[in-house]
Amino acid sequence: MPESEMTSLERVLTTLSHKEPDRVPLFLLLTMHGAKEVGLSIEEYFSRSKNVIEGQVRMLEKYGHDCYYNFYYAPLEVEAFGGEVKYIENGPPNSGRPIISSIDEIRNLEPPDVKNSPVLRKVLESASGLQEKADGKVPVIGVVMSPFSLPVMQLGFDKYIELIYSEPELFTKLMDVNTTFCIDWANAQLEAGSTAIVYFDPVSSPGIIPREKYLETGFKIQKKVISAVNGPVAIHLASERCLPISEDLCETGAVGVGISAMEDHDKQKSAFKGKMSLVGPLNGIEMARWSAEEAENVVKETITKLGPGGGFILSDNHGEIPWQVPSEVLHAITDAVRKWGRYPVRG
């Protein structure tokens, strides 16, 4: 089937249905690179929705991948709660001092008003603008932080782990606030124009929390949120391993899962086949050091293992390609997908 017969949206929807499209879809999850494209600092770039729209449009035109990625930076949601964001010149913005200095402050915590928050409103504006640019042909991907993972930035990692294990009442209160916010935030993005939502939840990964505790906490929250979101959701563990909880993830209601470069790809394919589409698993850190030839070889090998039968979107395994990855490598990845990703892919 000629590639021109499918739009990016059709290609992705076919993949999510566990069928074979014309070729493997490619998501280059580029955030900060948009600043390079429009000649702005990272801080200035994210200050206005029109910059993000322009950056995403230019990157799609430049690389020819299959999505608009309406993700600004990880601490954006904490910023909506009143937190600070720290910018650097060549990397992602980070959260500053935790907004909750004492766990007793959780008792009075309230969720932000999604539609009246200036920082959140920027994201909604760019979701609408990108959907207009997409013209029904390109998916617009929105992002939320899991209620279970957001507290790492709200409290700090050490205090949050202590809260999980030692303060069940306050933990429940915090999860209630964050869950209300997460559902409202996801649905507002869908209403504004996002096609689907990525639910980042690294704290639920077995590399951070034991499965037994995950089943009591992050797993229940995943199911509650996903059931209340008015569109498709993919769970992403931000490069962490997912095979030890693969059966649990398949019960959350999510349509896709971000897979890690650290796990066996044959086992990943087997664990999720026909249940959840796979997104990943290129190593973004290594990507910064690749030559064009190395990029092609990795893409070819990855597609050969994960592509047959559909249900696979090639992407990085963290959900954000580092600033340091050069355009030559990104072009090489795109070219390799077009060369080796046409269906039928032979395993």
# chains A, B, ... in the order shown; residues from 1 in each chain; ligands from 1
$ closest_atom_pairs --of "range 155-209 of chain A" --to "range 78-86 of chain A" --cutoff "12 Å" --atoms "only C-alpha atoms" --output "CSV"
residue,atom,partner,partner_atom,distance
A:Leu155,CA,A:Val78,CA,10.2
A:Gly156,CA,A:Val78,CA,11.7
A:Val177,CA,A:Phe81,CA,11.0
A:Asn178,CA,A:Phe81,CA,10.3
A:Phe181,CA,A:Phe81,CA,10.1
A:Cys182,CA,A:Val78,CA,11.7
A:Trp185,CA,A:Ala80,CA,10.9
$ closest_atom_pairs --of "range 322-342 of chain A" --to "range 266-290 of chain A" --cutoff "12 Å" --atoms "only C-alpha atoms" --output "CSV"
residue,atom,partner,partner_atom,distance
A:Pro322,CA,A:Gly284,CA,6.4
A:Trp323,CA,A:Ala288,CA,8.6
A:Gln324,CA,A:Ala288,CA,5.8
A:Val325,CA,A:Ala288,CA,4.2
A:Pro326,CA,A:Ala288,CA,6.7
A:Ser327,CA,A:Ala288,CA,9.9
A:Glu328,CA,A:Trp290,CA,9.5
A:Val329,CA,A:Trp290,CA,6.8
A:Leu330,CA,A:Met287,CA,8.8
A:His331,CA,A:Trp290,CA,11.9
A:Ala332,CA,A:Trp290,CA,9.8
A:Ile333,CA,A:Met287,CA,9.8
$ write_last_selection --atoms "N, CA and C atoms" --output "PDB file, in the first residue's frame"
ATOM      1  N   PRO A 322      16.086  14.496  24.133  1.00  0.00           N
ATOM      2  CA  PRO A 322      16.982  15.514  24.699  1.00  0.00           C
ATOM      3  C   PRO A 322      17.377  16.600  23.699  1.00  0.00           C
ATOM      4  N   TRP A 323      17.616  17.761  24.232  1.00  0.00           N
ATOM      5  CA  TRP A 323      18.061  18.936  23.477  1.00  0.00           C
ATOM      6  C   TRP A 323      19.307  18.622  22.650  1.00  0.00           C
ATOM      7  N   GLN A 324      20.175  17.743  23.182  1.00  0.00           N
ATOM      8  CA  GLN A 324      21.470  17.482  22.575  1.00  0.00           C
ATOM      9  C   GLN A 324      21.410  16.555  21.368  1.00  0.00           C
ATOM     10  N   VAL A 325      20.263  15.961  21.070  1.00  0.00           N
ATOM     11  CA  VAL A 325      20.155  15.081  19.896  1.00  0.00           C
ATOM     12  C   VAL A 325      20.143  15.946  18.642  1.00  0.00           C
ATOM     13  N   PRO A 326      21.109  15.748  17.731  1.00  0.00           N
ATOM     14  CA  PRO A 326      21.210  16.621  16.562  1.00  0.00           C
ATOM     15  C   PRO A 326      20.185  16.303  15.485  1.00  0.00           C
ATOM     16  N   SER A 327      19.919  17.279  14.644  1.00  0.00           N
ATOM     17  CA  SER A 327      18.932  17.097  13.583  1.00  0.00           C
ATOM     18  C   SER A 327      19.346  15.992  12.613  1.00  0.00           C
ATOM     19  N   GLU A 328      20.656  15.794  12.430  1.00  0.00           N
ATOM     20  CA  GLU A 328      21.112  14.733  11.524  1.00  0.00           C
ATOM     21  C   GLU A 328      20.630  13.364  11.982  1.00  0.00           C
ATOM     22  N   VAL A 329      20.641  13.157  13.293  1.00  0.00           N
ATOM     23  CA  VAL A 329      20.173  11.875  13.828  1.00  0.00           C
ATOM     24  C   VAL A 329      18.659  11.759  13.681  1.00  0.00           C
ATOM     25  N   LEU A 330      17.940  12.830  13.922  1.00  0.00           N
ATOM     26  CA  LEU A 330      16.484  12.799  13.782  1.00  0.00           C
ATOM     27  C   LEU A 330      16.085  12.534  12.327  1.00  0.00           C
ATOM     28  N   HIS A 331      16.783  13.156  11.400  1.00  0.00           N
ATOM     29  CA  HIS A 331      16.527  12.875   9.984  1.00  0.00           C
ATOM     30  C   HIS A 331      16.838  11.415   9.659  1.00  0.00           C
ATOM     31  N   ALA A 332      17.912  10.885  10.224  1.00  0.00           N
ATOM     32  CA  ALA A 332      18.283   9.493   9.961  1.00  0.00           C
ATOM     33  C   ALA A 332      17.227   8.529  10.496  1.00  0.00           C
ATOM     34  N   ILE A 333      16.657   8.843  11.655  1.00  0.00           N
ATOM     35  CA  ILE A 333      15.585   8.000  12.209  1.00  0.00           C
ATOM     36  C   ILE A 333      14.377   8.020  11.280  1.00  0.00           C
TER      37      ILE A 333
END
$ closest_residue --among "A:Asn230, A:Thr302, A:Ser101, A:Ser291" --to "Asp264 in chain A" --atoms "only C-alpha atoms"
A:Thr302
$ select_by_dssp --residues "range 110-336 of chain A" --states "strand (DSSP E or B)" --output "MDAnalysis selection string"
chainID A and resid 140:145 196:200 233:236 256:258 277:282 312:316
$ closest_residue --among "A:Ile313, A:Val198, A:Ile88, A:Ile235" --to "Glu44 in chain A" --atoms "only C-alpha atoms"
A:Ile88
$ closest_residue --among "A:Phe46, A:Tyr87, A:Phe148, A:Tyr160" --to "Ser126 in chain A" --atoms "only C-alpha atoms"
A:Phe46
$ residues_around --residues "Ala188 in chain A" --least-positions-apart "4" --cutoff "8 Å" --atoms "only C-alpha atoms" --output "ChimeraX atom specification"
/A:114-115,124,184,192
$ write_last_selection --atoms "N, CA and C atoms" --output "JSON list (two decimals), in the first residue's frame"
[["chain", "number", "residue", "atom", "x", "y", "z"],
["A", 114, "VAL", "N", -8.61, 24.67, 36.24],
["A", 114, "VAL", "CA", -7.93, 24.38, 34.98],
["A", 114, "VAL", "C", -8.14, 25.48, 33.94],
["A", 115, "LYS", "N", -9.36, 25.90, 33.74],
["A", 115, "LYS", "CA", -9.65, 26.82, 32.63],
["A", 115, "LYS", "C", -9.32, 28.27, 32.96],
["A", 124, "LEU", "N", -3.87, 24.79, 26.59],
["A", 124, "LEU", "CA", -5.17, 24.62, 25.93],
["A", 124, "LEU", "C", -5.21, 25.40, 24.62],
["A", 184, "ASP", "N", -9.81, 16.58, 35.30],
["A", 184, "ASP", "CA", -10.24, 17.85, 34.71],
["A", 184, "ASP", "C", -9.23, 18.34, 33.66],
["A", 192, "ALA", "N", -10.17, 20.89, 24.12],
["A", 192, "ALA", "CA", -9.51, 21.97, 23.38],
["A", 192, "ALA", "C", -8.98, 21.52, 22.03]]
$ residues_around --residues "range 10-27 of chain A" --least-positions-apart "6" --cutoff "8 Å" --atoms "only C-alpha atoms" --output "number ranges by chain"
A: 1-3, 65-67, 137, 139, 255-256, 274, 276-277, 303, 307-316, 334, 337-338, 341-344
$ closest_atom_pairs --of "range 235-298 of chain A" --to "range 213-223 of chain A" --cutoff "9 Å" --atoms "only C-alpha atoms" --output "tab-separated table"
residue	atom	partner	partner_atom	distance
A:Ile235	CA	A:Gln222	CA	8.5
A:Asp248	CA	A:Phe219	CA	7.4
A:Leu249	CA	A:Phe219	CA	7.8
A:Glu251	CA	A:Lys223	CA	7.8
A:Thr252	CA	A:Lys223	CA	4.7
A:Gly253	CA	A:Lys223	CA	6.6
A:Ala254	CA	A:Lys223	CA	8.5
$ write_last_selection --atoms "N, CA and C atoms" --output "PDB file, in the first residue's frame"
ATOM      1  N   ILE A 235      -0.346   4.992  28.892  1.00  0.00           N
ATOM      2  CA  ILE A 235       0.454   5.099  30.116  1.00  0.00           C
ATOM      3  C   ILE A 235       1.929   5.099  29.739  1.00  0.00           C
ATOM      4  N   ASP A 248      -1.036  -6.089  34.837  1.00  0.00           N
ATOM      5  CA  ASP A 248      -1.796  -5.054  35.547  1.00  0.00           C
ATOM      6  C   ASP A 248      -2.076  -3.873  34.619  1.00  0.00           C
ATOM      7  N   LEU A 249      -1.063  -3.443  33.877  1.00  0.00           N
ATOM      8  CA  LEU A 249      -1.243  -2.321  32.962  1.00  0.00           C
ATOM      9  C   LEU A 249      -2.330  -2.607  31.932  1.00  0.00           C
ATOM     10  N   GLU A 251      -4.982  -4.025  32.391  1.00  0.00           N
ATOM     11  CA  GLU A 251      -6.302  -3.924  33.024  1.00  0.00           C
ATOM     12  C   GLU A 251      -6.701  -2.483  33.328  1.00  0.00           C
ATOM     13  N   THR A 252      -5.851  -1.515  32.992  1.00  0.00           N
ATOM     14  CA  THR A 252      -6.125  -0.125  33.369  1.00  0.00           C
ATOM     15  C   THR A 252      -7.103   0.576  32.444  1.00  0.00           C
ATOM     16  N   GLY A 253      -7.289   0.044  31.238  1.00  0.00           N
ATOM     17  CA  GLY A 253      -8.125   0.707  30.255  1.00  0.00           C
ATOM     18  C   GLY A 253      -7.339   1.570  29.281  1.00  0.00           C
ATOM     19  N   ALA A 254      -6.021   1.649  29.454  1.00  0.00           N
ATOM     20  CA  ALA A 254      -5.185   2.424  28.542  1.00  0.00           C
ATOM     21  C   ALA A 254      -5.029   1.674  27.222  1.00  0.00           C
TER      22      ALA A 254
END
$ closest_residue --among "A:Leu150, A:Ala74, A:Ile183, A:Ile226" --to "Gly91 in chain A" --atoms "only C-alpha atoms"
A:Ala74
$ residues_around --residues "range 168-170 of chain A" --least-positions-apart "2" --cutoff "8 Å" --atoms "only C-alpha atoms" --output "NGL selection string"
:A and (103-104 or 106-107 or 163-166 or 172-174)
$ write_last_selection --atoms "N, CA and C atoms" --output "CSV table (one decimal), in the first residue's frame"
chain,number,residue,atom,x,y,z
A,103,ILE,N,3.8,18.2,55.5
A,103,ILE,CA,2.8,17.3,55.0
A,103,ILE,C,1.4,17.8,55.5
A,104,ASP,N,1.4,18.5,56.7
A,104,ASP,CA,0.1,18.9,57.2
A,104,ASP,C,-0.6,19.9,56.3
A,106,ILE,N,-1.2,19.5,53.3
A,106,ILE,CA,-2.0,18.8,52.4
A,106,ILE,C,-3.5,18.9,52.8
A,107,ARG,N,-3.8,19.1,54.0
A,107,ARG,CA,-5.2,19.2,54.5
A,107,ARG,C,-5.9,20.3,53.8
A,163,LEU,N,5.3,9.7,53.0
A,163,LEU,CA,3.8,9.9,53.1
A,163,LEU,C,3.1,8.6,52.7
A,164,ILE,N,3.6,8.0,51.6
A,164,ILE,CA,2.9,6.8,51.1
A,164,ILE,C,2.8,5.7,52.2
A,165,TYR,N,3.9,5.5,52.9
A,165,TYR,CA,4.0,4.4,53.8
A,165,TYR,C,3.6,4.8,55.2
A,166,SER,N,3.6,6.1,55.6
A,166,SER,CA,3.4,6.4,57.0
A,166,SER,C,2.2,7.3,57.3
A,172,THR,N,-4.2,9.8,51.1
A,172,THR,CA,-5.5,9.7,50.4
A,172,THR,C,-6.0,11.1,50.0
A,173,LYS,N,-5.9,12.1,50.9
A,173,LYS,CA,-6.3,13.4,50.7
A,173,LYS,C,-5.5,14.0,49.4
A,174,LEU,N,-4.2,13.8,49.4
A,174,LEU,CA,-3.4,14.3,48.3
A,174,LEU,C,-3.8,13.6,47.0
$ closest_residue --among "A:Phe157, A:Glu105, A:Lys224, A:Asn187" --to "Ile208 in chain A" --atoms "only C-alpha atoms"
A:Phe157
$ residues_around --residues "range 52-57 of chain A" --least-positions-apart "2" --cutoff "6 Å" --atoms "only C-alpha atoms" --output "list in words"
Gly34, Ser49, Lys50, Met59, Leu60, Ser126 and Leu130 of chain A
$ write_last_selection --atoms "C-alpha atoms" --output "short mmCIF file (atom, residue, chain, number, x, y, z; two decimals), in the first residue's frame"
data_model
loop_
_atom_site.label_atom_id
_atom_site.label_comp_id
_atom_site.auth_asym_id
_atom_site.auth_seq_id
_atom_site.Cartn_x
_atom_site.Cartn_y
_atom_site.Cartn_z
CA GLY A 34 10.92 23.88 18.94
CA SER A 49 1.27 29.29 23.04
CA LYS A 50 1.88 30.72 19.58
CA MET A 59 9.30 20.30 13.28
CA LEU A 60 6.60 18.25 11.60
CA SER A 126 -1.81 25.46 21.69
CA LEU A 130 -2.37 22.55 16.64
#
$ atom_distance --atom1 "CA of Met153 in chain A" --atom2 "CA of Pro244 in chain A"
25.5 Å
$ closest_residue --among "A:Pro210, A:Leu30, A:Gly193, A:Gly96" --to "Gly129 in chain A" --atoms "only C-alpha atoms"
A:Gly193
